[in-house]
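Visitor: Here you go, my_file30.tsv (TSV, C-alpha atoms):
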```tsv
chain	number	residue	atom	x	y	z
P	1	MET	CA	0.00	0.00	0.00
P	2	PHE	CA	2.73	2.48	0.96
P	3	ARG	CA	4.79	1.84	-2.15
P	4	ARG	CA	1.79	2.02	-4.47
P	5	GLU	CA	0.46	5.27	-3.03
P	6	CYS	CA	3.93	6.81	-2.81
P	7	LEU	CA	4.69	6.01	-6.46
P	8	ARG	CA	1.34	7.47	-7.49
P	9	LEU	CA	2.17	10.74	-5.73
P	10	ILE	CA	5.71	10.86	-7.15
P	11	ASN	CA	4.41	10.34	-10.70
P	12	ASP	CA	1.84	13.09	-10.13
P	13	ILE	CA	4.57	15.45	-8.90
P	14	HIS	CA	6.76	14.66	-11.90
P	15	ALA	CA	3.81	15.19	-14.25
P	16	ARG	CA	3.59	18.75	-12.93
P	17	GLY	CA	7.25	19.32	-13.65
P	18	LYS	CA	8.24	19.33	-9.98
P	19	LEU	CA	10.94	17.52	-8.03
P	20	ALA	CA	9.78	14.84	-5.59
P	21	VAL	CA	11.53	14.69	-2.20
P	22	LEU	CA	11.12	11.56	-0.09
P	23	VAL	CA	12.11	12.21	3.54
P	24	GLY	CA	12.71	9.85	6.42
P	25	GLY	CA	10.59	6.89	7.43
P	26	THR	CA	11.35	3.22	7.90
P	27	HIS	CA	14.19	2.24	5.59
P	28	TYR	CA	12.36	-0.79	4.24
P	29	TYR	CA	9.54	1.38	2.92
P	30	THR	CA	11.73	4.09	1.45
P	31	GLN	CA	13.99	1.53	-0.21
P	32	SER	CA	11.00	-0.25	-1.77
P	33	VAL	CA	10.20	3.07	-3.48
P	34	LEU	CA	13.77	3.90	-4.51
P	35	PHE	CA	14.59	0.51	-6.04
P	36	GLN	CA	12.88	-1.59	-8.65
P	37	ASP	CA	11.70	-5.10	-7.77
P	38	GLN	CA	12.29	-4.72	-4.04
P	39	LEU	CA	9.17	-6.69	-3.12
P	40	VAL	CA	8.63	-10.42	-3.03
P	41	SER	CA	6.04	-10.15	-5.80
P	42	LYS	CA	3.72	-7.58	-7.34
P	43	GLU	CA	0.88	-8.94	-5.23
P	44	LEU	CA	2.76	-8.63	-1.93
P	45	GLU	CA	3.65	-5.47	-0.06
P	46	SER	CA	6.42	-7.15	1.97
P	47	SER	CA	9.86	-8.60	1.40
P	48	ASP	CA	12.81	-10.26	3.07
P	49	GLU	CA	14.07	-6.87	4.19
P	50	GLU	CA	10.75	-6.04	5.86
P	51	SER	CA	11.35	-8.57	8.59
P	52	ASP	CA	14.17	-6.39	9.95
P	53	SER	CA	11.83	-3.58	10.88
P	54	CYS	CA	8.16	-4.51	10.46
P	55	PRO	CA	5.88	-6.97	12.24
P	56	ALA	CA	5.03	-10.03	10.18
P	57	GLY	CA	1.50	-10.77	9.19
P	58	ASP	CA	-1.56	-8.51	9.25
P	59	VAL	CA	-5.04	-9.20	10.66
P	60	ASP	CA	-6.28	-10.77	7.41
P	61	SER	CA	-3.32	-13.14	7.25
P	62	ALA	CA	-3.83	-14.23	10.85
P	63	VAL	CA	-7.50	-14.96	10.11
P	64	LYS	CA	-6.69	-16.97	7.00
P	65	TRP	CA	-3.83	-18.88	8.60
P	66	PRO	CA	-4.33	-19.08	12.39
P	67	ILE	CA	-0.98	-20.81	12.89
P	68	LEU	CA	0.67	-17.40	12.35
P	69	ASN	CA	-0.65	-16.51	15.80
P	70	ALA	CA	0.44	-19.79	17.38
P	71	GLU	CA	3.30	-20.16	19.84
P	72	PRO	CA	6.69	-19.30	18.27
P	73	GLU	CA	7.89	-22.90	18.61
P	74	LEU	CA	4.92	-24.18	16.57
P	75	VAL	CA	5.39	-21.52	13.89
P	76	LEU	CA	9.07	-22.44	13.57
P	77	GLN	CA	8.19	-26.14	13.44
P	78	LYS	CA	5.75	-25.49	10.58
P	79	LEU	CA	8.33	-23.37	8.77
P	80	ARG	CA	10.84	-26.23	9.04
P	81	GLU	CA	8.30	-28.48	7.31
P	82	VAL	CA	7.66	-26.18	4.36
P	83	ASP	CA	10.91	-24.20	4.10
P	84	PRO	CA	13.87	-25.65	6.05
P	85	ILE	CA	16.26	-23.21	4.38
P	86	MET	CA	14.53	-20.15	5.85
P	87	ALA	CA	13.99	-21.95	9.17
P	88	ASP	CA	17.77	-22.40	9.45
P	89	HIS	CA	18.33	-18.81	8.33
P	90	TRP	CA	16.50	-17.22	11.28
P	91	HIS	CA	17.39	-17.24	14.95
P	92	PRO	CA	14.68	-19.10	16.97
P	93	LYS	CA	13.89	-15.83	18.78
P	94	ASP	CA	13.31	-13.91	15.52
P	95	THR	CA	9.58	-14.54	15.85
P	96	ARG	CA	8.39	-11.88	13.42
P	97	LYS	CA	10.85	-12.95	10.74
P	98	ILE	CA	9.85	-16.59	11.13
P	99	ARG	CA	6.17	-15.69	10.87
P	100	ARG	CA	6.84	-13.55	7.82
P	101	SER	CA	8.62	-16.40	6.02
P	102	LEU	CA	5.72	-18.75	6.75
P	103	GLU	CA	3.21	-16.11	5.66
P	104	ILE	CA	5.00	-15.78	2.32
P	105	PHE	CA	4.64	-19.53	1.81
P	106	PHE	CA	0.90	-19.33	2.46
P	107	GLN	CA	0.46	-16.29	0.22
P	108	THR	CA	2.49	-17.52	-2.75
P	109	GLY	CA	2.37	-21.30	-2.45
P	110	LYS	CA	6.17	-21.28	-2.67
P	111	PRO	CA	8.85	-21.44	0.05
P	112	ALA	CA	10.13	-17.96	0.86
P	113	SER	CA	13.67	-19.15	0.07
P	114	GLN	CA	12.53	-20.01	-3.47
P	115	VAL	CA	10.71	-16.69	-3.86
P	116	TYR	CA	13.81	-14.76	-2.80
P	117	ALA	CA	16.03	-16.82	-5.10
P	118	GLU	CA	13.74	-16.07	-8.05
P	119	GLN	CA	13.73	-12.41	-7.09
P	120	ARG	CA	17.53	-12.30	-7.02
P	121	GLN	CA	17.66	-13.96	-10.44
P	122	SER	CA	15.21	-11.37	-11.76
P	123	LYS	CA	17.30	-8.53	-10.36
P	124	GLN	CA	20.43	-9.97	-11.92
P	125	ALA	CA	18.69	-10.27	-15.27
P	126	ASN	CA	17.57	-6.65	-15.03
P	127	ALA	CA	21.10	-5.61	-14.12
P	128	ASN	CA	22.48	-7.38	-17.18
P	129	ASN	CA	19.84	-5.72	-19.33
P	130	ASP	CA	19.50	-2.14	-18.13
P	131	ASN	CA	16.99	-1.24	-20.89
P	132	GLY	CA	18.87	1.97	-21.63
P	133	SER	CA	18.59	3.29	-18.08
P	134	ASP	CA	21.56	5.01	-16.46
P	135	TRP	CA	20.11	4.48	-12.99
P	136	GLY	CA	20.91	0.79	-12.44
P	137	GLN	CA	18.26	-0.68	-10.14
P	138	LEU	CA	17.08	2.76	-9.01
P	139	ARG	CA	13.50	3.45	-10.03
P	140	PHE	CA	14.17	7.14	-10.65
P	141	ASP	CA	17.13	9.42	-11.37
P	142	THR	CA	17.86	9.84	-7.67
P	143	ALA	CA	20.25	11.58	-5.30
P	144	ILE	CA	20.22	10.16	-1.76
P	145	PHE	CA	21.26	12.22	1.27
P	146	TRP	CA	22.30	10.57	4.54
P	147	VAL	CA	22.47	13.14	7.36
P	148	HIS	CA	25.00	11.51	9.65
P	149	SER	CA	26.98	12.32	12.84
P	150	GLU	CA	29.95	10.95	14.67
P	151	LYS	CA	28.94	8.06	16.92
P	152	ALA	CA	29.60	9.73	20.29
P	153	ILE	CA	27.66	12.85	19.30
P	154	LEU	CA	24.78	10.80	17.91
P	155	GLU	CA	24.54	8.79	21.13
P	156	GLU	CA	24.50	11.95	23.24
P	157	ARG	CA	21.67	13.36	21.14
P	158	LEU	CA	19.68	10.15	21.39
P	159	PHE	CA	19.94	10.14	25.18
P	160	LYS	CA	18.93	13.82	25.37
P	161	ARG	CA	15.96	13.02	23.15
P	162	VAL	CA	14.75	10.43	25.67
P	163	ASP	CA	15.15	12.99	28.48
P	164	VAL	CA	12.95	15.42	26.52
P	165	MET	CA	10.37	12.66	25.93
P	166	VAL	CA	10.25	12.02	29.68
P	167	GLU	CA	9.76	15.75	30.32
P	168	GLN	CA	6.94	15.84	27.76
P	169	GLY	CA	4.97	13.01	29.35
P	170	LEU	CA	6.43	9.66	28.27
P	171	LEU	CA	5.79	8.06	31.67
P	172	SER	CA	2.17	9.17	31.87
P	173	GLU	CA	1.48	7.88	28.36
P	174	ALA	CA	3.13	4.54	29.08
P	175	SER	CA	1.25	4.38	32.39
P	176	ARG	CA	-2.08	4.68	30.57
P	177	MET	CA	-1.05	1.81	28.30
P	178	SER	CA	-0.13	-0.27	31.33
P	179	ASP	CA	-3.47	0.51	32.98
P	180	TYR	CA	-5.27	-0.55	29.80
P	181	LEU	CA	-3.53	-3.94	29.90
P	182	GLN	CA	-4.63	-4.42	33.50
P	183	GLU	CA	-8.22	-3.52	32.62
P	184	GLN	CA	-8.23	-6.02	29.76
P	185	LYS	CA	-6.70	-8.68	32.00
P	186	ALA	CA	-9.40	-8.11	34.62
P	187	GLN	CA	-12.01	-8.76	31.92
P	188	GLY	CA	-10.30	-11.98	30.86
P	189	ILE	CA	-9.04	-10.47	27.62
P	190	THR	CA	-5.51	-11.27	26.48
P	191	VAL	CA	-3.73	-8.53	24.55
P	192	ASP	CA	-1.08	-9.63	22.04
P	193	GLN	CA	1.99	-7.71	23.17
P	194	THR	CA	4.29	-9.10	20.47
P	195	ARG	CA	3.29	-6.58	17.81
P	196	GLY	CA	2.02	-3.09	17.15
P	197	VAL	CA	2.36	-0.30	19.70
P	198	TRP	CA	3.22	-2.80	22.45
P	199	ILE	CA	6.68	-3.42	21.02
P	200	SER	CA	7.45	0.26	20.54
P	201	ILE	CA	10.41	1.68	22.43
P	202	GLY	CA	9.36	3.32	25.67
P	203	PHE	CA	6.64	1.00	26.93
P	204	LYS	CA	8.11	-2.44	27.56
P	205	GLU	CA	11.23	-0.87	29.09
P	206	LEU	CA	9.10	1.01	31.64
P	207	ALA	CA	6.82	-1.95	32.46
P	208	PRO	CA	8.87	-3.12	35.50
P	209	TYR	CA	8.40	0.29	37.12
P	210	PHE	CA	4.60	0.27	36.68
P	211	ASN	CA	4.42	-3.30	37.98
P	212	ALA	CA	6.38	-2.27	41.05
P	213	LEU	CA	4.01	0.65	41.65
P	214	ARG	CA	1.05	-1.75	41.66
P	215	GLU	CA	2.76	-4.18	44.02
P	216	ASP	CA	3.27	-1.30	46.46
P	217	SER	CA	6.05	-3.19	48.24
P	218	ARG	CA	9.01	-0.91	47.62
P	219	THR	CA	10.23	2.23	49.32
P	220	GLU	CA	10.08	5.57	47.57
P	221	LYS	CA	13.85	5.48	47.11
P	222	GLU	CA	13.71	1.99	45.58
P	223	LEU	CA	10.96	3.07	43.18
P	224	GLU	CA	12.96	6.10	42.08
P	225	THR	CA	16.01	3.93	41.49
P	226	LEU	CA	13.92	1.49	39.44
P	227	LYS	CA	12.37	4.34	37.44
P	228	GLN	CA	15.77	5.74	36.52
P	229	SER	CA	16.94	2.24	35.58
P	230	CYS	CA	13.93	1.81	33.29
P	231	ILE	CA	14.54	5.19	31.68
P	232	GLY	CA	18.11	4.05	31.14
P	233	SER	CA	16.71	0.96	29.37
P	234	VAL	CA	14.71	3.25	27.08
P	235	LYS	CA	17.93	5.07	26.20
P	236	ILE	CA	19.74	1.81	25.49
P	237	ALA	CA	16.88	0.55	23.30
P	238	THR	CA	16.81	3.87	21.43
P	239	ARG	CA	20.54	3.64	20.78
P	240	GLN	CA	20.20	0.03	19.62
P	241	TYR	CA	17.42	1.00	17.21
P	242	ALA	CA	19.51	3.86	15.82
P	243	MET	CA	22.41	1.44	15.33
P	244	SER	CA	20.10	-0.96	13.48
P	245	GLN	CA	19.07	1.88	11.16
P	246	LEU	CA	22.72	2.65	10.46
P	247	LYS	CA	23.33	-1.04	9.89
P	248	TRP	CA	20.51	-1.06	7.33
P	249	ILE	CA	22.10	1.82	5.42
P	250	ARG	CA	25.54	0.21	5.48
P	251	ASN	CA	24.26	-3.22	4.48
P	252	LYS	CA	20.95	-3.08	2.62
P	253	LEU	CA	21.04	0.36	1.02
P	254	TRP	CA	24.74	0.33	0.18
P	255	THR	CA	24.47	-3.20	-1.25
P	256	GLY	CA	21.47	-2.23	-3.35
P	257	LEU	CA	23.32	0.76	-4.77
P	258	ALA	CA	26.52	-1.22	-5.31
P	259	LYS	CA	24.73	-3.88	-7.35
P	260	GLY	CA	23.76	-1.22	-9.86
P	261	ALA	CA	27.05	0.68	-9.63
P	262	MET	CA	25.09	3.58	-8.13
P	263	THR	CA	27.02	4.20	-4.90
P	264	GLY	CA	27.95	7.61	-6.30
P	265	ARG	CA	24.33	8.68	-5.74
P	266	LEU	CA	24.65	8.43	-1.95
P	267	TYR	CA	25.89	11.56	-0.17
P	268	ILE	CA	26.77	11.82	3.52
P	269	LEU	CA	26.11	15.20	5.13
P	270	ASP	CA	28.00	15.74	8.39
P	271	SER	CA	25.66	17.02	11.11
P	272	THR	CA	28.09	16.43	13.99
P	273	LYS	CA	28.39	20.16	14.70
P	274	VAL	CA	24.93	21.75	14.68
P	275	GLU	CA	26.48	25.22	14.64
P	276	ASP	CA	28.01	24.35	11.25
P	277	TRP	CA	24.75	23.08	9.77
P	278	THR	CA	24.66	25.64	6.97
P	279	LYS	CA	28.22	24.93	5.88
P	280	ASN	CA	28.13	21.15	6.27
P	281	VAL	CA	24.54	20.27	5.39
P	282	THR	CA	22.56	23.04	3.71
P	283	GLU	CA	25.15	24.36	1.24
P	284	PRO	CA	26.55	20.98	0.06
P	285	SER	CA	23.06	19.53	-0.43
P	286	GLU	CA	21.95	22.58	-2.42
P	287	ARG	CA	25.01	22.35	-4.68
P	288	ILE	CA	24.41	18.64	-5.31
P	289	VAL	CA	20.70	19.14	-6.05
P	290	GLU	CA	21.41	22.02	-8.44
P	291	ALA	CA	23.99	19.90	-10.30
P	292	HIS	CA	21.58	16.97	-10.32
P	293	ILE	CA	18.69	18.99	-11.75
P	294	GLY	CA	20.94	20.75	-14.26
P	295	LYS	CA	22.43	17.44	-15.45
P	296	LYS	CA	25.88	18.72	-14.52
P	297	PRO	CA	28.75	16.54	-13.22
P	298	LEU	CA	28.09	15.46	-9.65
P	299	PRO	CA	30.82	15.78	-7.01
P	300	ASP	CA	32.63	12.78	-5.59
P	301	PRO	CA	30.68	11.75	-2.44
P	302	LYS	CA	33.98	11.37	-0.57
P	303	SER	CA	34.83	15.01	-1.18
P	304	ILE	CA	31.91	16.38	0.83
P	305	SER	CA	33.50	15.95	4.26
P	306	GLU	CA	36.07	13.99	6.25
P	307	LEU	CA	33.24	11.97	7.83
P	308	ALA	CA	31.96	11.10	4.35
P	309	LYS	CA	35.43	10.04	3.24
P	310	THR	CA	36.11	7.73	6.18
P	311	THR	CA	32.61	6.24	6.11
P	312	PHE	CA	32.68	5.48	2.37
P	313	GLU	CA	36.17	4.02	2.58
P	314	ALA	CA	34.99	1.67	5.34
P	315	LEU	CA	31.95	0.65	3.27
P	316	GLU	CA	34.09	-0.04	0.22
P	317	ALA	CA	36.56	-2.09	2.26
P	318	LYS	CA	33.71	-4.13	3.74
P	319	SER	CA	32.22	-4.76	0.30
P	320	LEU	CA	35.51	-6.29	-0.85
P	321	SER	CA	35.74	-8.60	2.16
P	322	THR	CA	32.09	-9.64	2.49
P	323	ASP	CA	31.36	-13.36	2.30
P	324	PRO	CA	28.65	-13.78	-0.38
P	325	SER	CA	27.41	-17.11	0.97
P	326	PRO	CA	24.00	-17.01	2.70
P	327	SER	CA	23.98	-16.93	6.48
P	328	GLN	CA	22.76	-19.87	8.52
P	329	CYS	CA	22.12	-20.18	12.23
P	330	ILE	CA	24.61	-22.32	14.17
P	331	THR	CA	23.75	-23.78	17.57
P	332	CYS	CA	26.34	-24.42	20.26
P	333	ASP	CA	25.03	-27.56	21.96
P	334	ILE	CA	27.48	-27.08	24.82
P	335	CYS	CA	26.30	-23.58	25.74
P	336	ARG	CA	22.77	-24.08	24.36
P	337	LYS	CA	23.08	-20.86	22.39
P	338	THR	CA	22.16	-20.14	18.76
P	339	LEU	CA	24.33	-17.82	16.64
P	340	THR	CA	23.04	-16.22	13.44
P	341	ASN	CA	26.19	-16.41	11.29
P	342	LYS	CA	29.77	-17.69	11.07
P	343	GLU	CA	31.23	-14.43	12.35
P	344	GLN	CA	29.19	-14.62	15.55
P	345	TRP	CA	30.07	-18.31	15.85
P	346	GLN	CA	33.79	-17.55	15.76
P	347	ILE	CA	33.37	-14.83	18.36
P	348	HIS	CA	31.40	-17.22	20.56
P	349	ILE	CA	33.80	-20.19	20.45
P	350	ASN	CA	36.75	-17.88	21.14
P	351	GLY	CA	34.92	-16.07	23.93
P	352	SER	CA	35.44	-16.45	27.67
P	353	VAL	CA	31.94	-17.82	28.34
P	354	HIS	CA	32.32	-20.74	25.92
P	355	LYS	CA	35.81	-21.51	27.19
P	356	ARG	CA	34.61	-21.39	30.79
P	357	VAL	CA	31.82	-23.87	29.99
P	358	LEU	CA	34.31	-26.17	28.25
P	359	LYS	CA	36.61	-26.01	31.28
P	360	SER	CA	33.71	-26.77	33.60
P	361	LEU	CA	32.64	-29.76	31.50
P	362	ALA	CA	36.22	-31.07	31.44
P	363	LYS	CA	36.37	-30.89	35.25
P	364	LYS	CA	33.00	-32.65	35.47
P	365	ARG	CA	34.21	-35.47	33.21
P	366	GLU	CA	37.35	-35.87	35.32
P	367	ARG	CA	35.28	-35.95	38.50
P	368	ASP	CA	32.82	-38.46	37.04
P	369	ALA	CA	35.69	-40.67	35.85
P	370	TYR	CA	37.26	-40.50	39.33
P	371	LEU	CA	33.98	-41.43	41.02
P	372	ARG	CA	33.38	-44.32	38.62
P	373	LYS	CA	36.86	-45.68	39.25
P	374	ARG	CA	36.45	-45.26	42.97
P	375	GLN	CA	33.15	-47.13	42.84
P	376	GLU	CA	34.76	-49.93	40.85
P	377	ASN	CA	37.63	-50.20	43.36
P	378	LEU	CA	35.14	-50.25	46.24
P	379	GLY	CA	33.20	-53.03	44.52
P	380	ASN	CA	36.35	-55.08	44.03
P	381	THR	CA	37.29	-54.65	47.71
P	382	LEU	CA	33.89	-55.87	48.86
P	383	GLU	CA	34.20	-58.95	46.67
```
Can you turn what I pasted into structure tokens?

Guide:
Amino acid sequence: MFRRECLRLINDIHARGKLAVLVGGTHYYTQSVLFQDQLVSKELESSDEESDSCPAGDVDSAVKWPILNAEPELVLQKLREVDPIMADHWHPKDTRKIRRSLEIFFQTGKPASQVYAEQRQSKQANANNDNGSDWGQLRFDTAIFWVHSEKAILEERLFKRVDVMVEQGLLSEASRMSDYLQEQKAQGITVDQTRGVWISIGFKELAPYFNALREDSRTEKELETLKQSCIGSVKIATRQYAMSQLKWIRNKLWTGLAKGAMTGRLYILDSTKVEDWTKNVTEPSERIVEAHIGKKPLPDPKSISELAKTTFEALEAKSLSTDPSPSQCITCDICRKTLTNKEQWQIHINGSVHKRVLKSLAKKRERDAYLRKRQENLGNTLE
């Protein structure tokens, strides 16, 4: 729906001789507009990338296929039956991604892994036959601006943003949501808290505080300490979400542009110093847009700023070293932990926790062997 309506509006803007500007939003949605063939099929409004940021399955899907609302273990078990490749691809706790893969199977009649493989083949065919377009896989002649900051500055701003949200009534809003859950519970109604507003940042992190208020068993000082801890959890979750957005740009967006040799259309604008906004953001973006509209040579993205240079160099280096093989979850039976790729697996087996478990198991085996031998010797003595 978003992509269809957005494309309609963009075409209308272009028909009036105007320039369309697409600003912000969830990266999955914006990327589905920027690139051709980003969706699983023309009939579906979701794709593999959606599972990184959007809940799987809508109300209609859940009605048609009730198993999508079953316990996560049952959904994963069903996915293993119909699409073992995707089942191995996702971590067992990636509930929404697992549901989305199963939903695709129900909607298309094909395993999601097959649908994605066909989509990749289609993209490759389009790349080999660009039909006279100079835009690669981009749907339009596009310039993309990424307003970026140094990590430490970005983190400071994110934390201050949470403080402002608290000042503007975050706790009272979350408290009303918590009260609603209690009211529904009293009426015997179970609210699905695995999707929608219930998984938004700022509610689940504050839930322990509201629960403690209801229990009325803590001192005022203890409650204040818990409240500050919960607010700290909101800040951590906000930072993690921001990092996931940056990860999307570095992985999904950059990869999409690289496939069509269009990385030169991505420009990083350094917003680290707000006082230099005009010099570092406004003026460079205006120059690039004017050159873009006038069909003049565009500047090298690395030349815009030092931050742009270092960031692009890191992206290019990563592209050269990236393993093209598909990721697959690996389970450590010793630690009973599932890792999502080989890189995480290597970190795990070389980590202190895994080594400590191995050492503990070795000691247990030695102790068991000693006890068995002692028992045998005792038995021989009694004989």

Visitor: Residues within 8 Å of Asn280 of chain P, please, as a VMD selection string. Count only C-alpha atoms; anything in the same chain fewer than 3 positions from it doesn't count.

Guide: chain P and resid 269 to 271 276 to 277 283 to 284 305

Visitor: Kindly indicate which residue among P:Ile330, P:Ile201, P:Ala174, P:Met86 lies nearest to Val234 of chain P, using all atoms listed in the file for the distances.

Guide: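 The closest residue to Val234 of chain P is P:Ile201.
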
Visitor: Show me, as a ChimeraX atom specification, the residues that have an atom within 9 Å of segment 332-348 of chain P when counting all atoms listed in the file, minus same-chain residues fewer than 5 positions from it.

Guide: /P:89-92,326-327,353-354,357-358,361

Visitor: Would you pick out the contacts of Lys93 of chain P at 10 Å or less, using all atoms listed in the file, so that residues sharing its chain but fewer than 6 positions from it are not included, and give the list as a PyMOL selection string?

Guide: chain P and resi 72-73+76+338

Visitor: Could you pull the residues within 10 Å of His148 of chain P, counting only C-alpha atoms, minus those fewer than 6 positions along the same chain, as a ChimeraX atom specification?

Guide: /P:154,246,267-272,281,307-308,311

Visitor: Choose the residue, out of P:Lys252, P:Arg139, P:Lys247, P:His292, that has the smallest atom-to-atom separation from Leu19 of chain P; count only C-alpha atoms.

Guide: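 Of P:Lys252, P:Arg139, P:Lys247, P:His292, the one nearest Leu19 of chain P, counting only C-alpha atoms, is P:His292.
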
Visitor: State, in Å with one decimal place, the distance from atom CA of Val33 of chain P to atom CA of Asn11 of chain P.

Guide: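 According to the coordinates, atom CA of Val33 of chain P and atom CA of Asn11 of chain P are separated by 11.8 Å.
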
Visitor: When distances are computed from only C-alpha atoms, which of P:Lys221, P:Gln31, P:Glu71, P:Ile231 shows the smallest separation from Pro208 of chain P?

Guide: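 Once distances to Pro208 of chain P are computed over only C-alpha atoms, the minimum belongs to P:Ile231.
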
Visitor: List the neighbours of Val191 of chain P out to 9 Å using only C-alpha atoms; skip same-chain residues closer than 4 positions along the sequence, and give me the result as a PyMOL selection string.

Guide: chain P and resi 181+184-185

Visitor: Work out how far atom CA of Ala20 of chain P is from atom CA of Ile304 of chain P, in Å to one decimal.

Guide: 23.1 Å

Visitor: Could you tell me how far atom CA of Leu68 of chain P sits from atom CA of Tyr180 of chain P, in Å to one decimal place?

Guide: 25.0 Å

Visitor: Which one is closest to Pro299 of chain P: P:Ile236, P:Ile98, P:Ile249, P:Ala143? Count only C-alpha atoms.

Guide: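 Answer, going by the shortest atom-to-atom distance: P:Ala143.
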
Visitor: Kindly indicate which residue among P:Ala117, P:Leu253, P:Leu7, P:Ile293 lies nearest to Tyr28 of chain P, using only C-alpha atoms for the distances.

Guide: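 Of P:Ala117, P:Leu253, P:Leu7, P:Ile293, the one nearest Tyr28 of chain P, counting only C-alpha atoms, is P:Leu253.
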
Visitor: Name the closest residue to Thr263 of chain P among the candidates P:Val166, P:Val197, P:Ala152, P:Leu138; distances are taken between atoms, counting all atoms listed in the file.

Guide: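 Closest candidate: P:Leu138.
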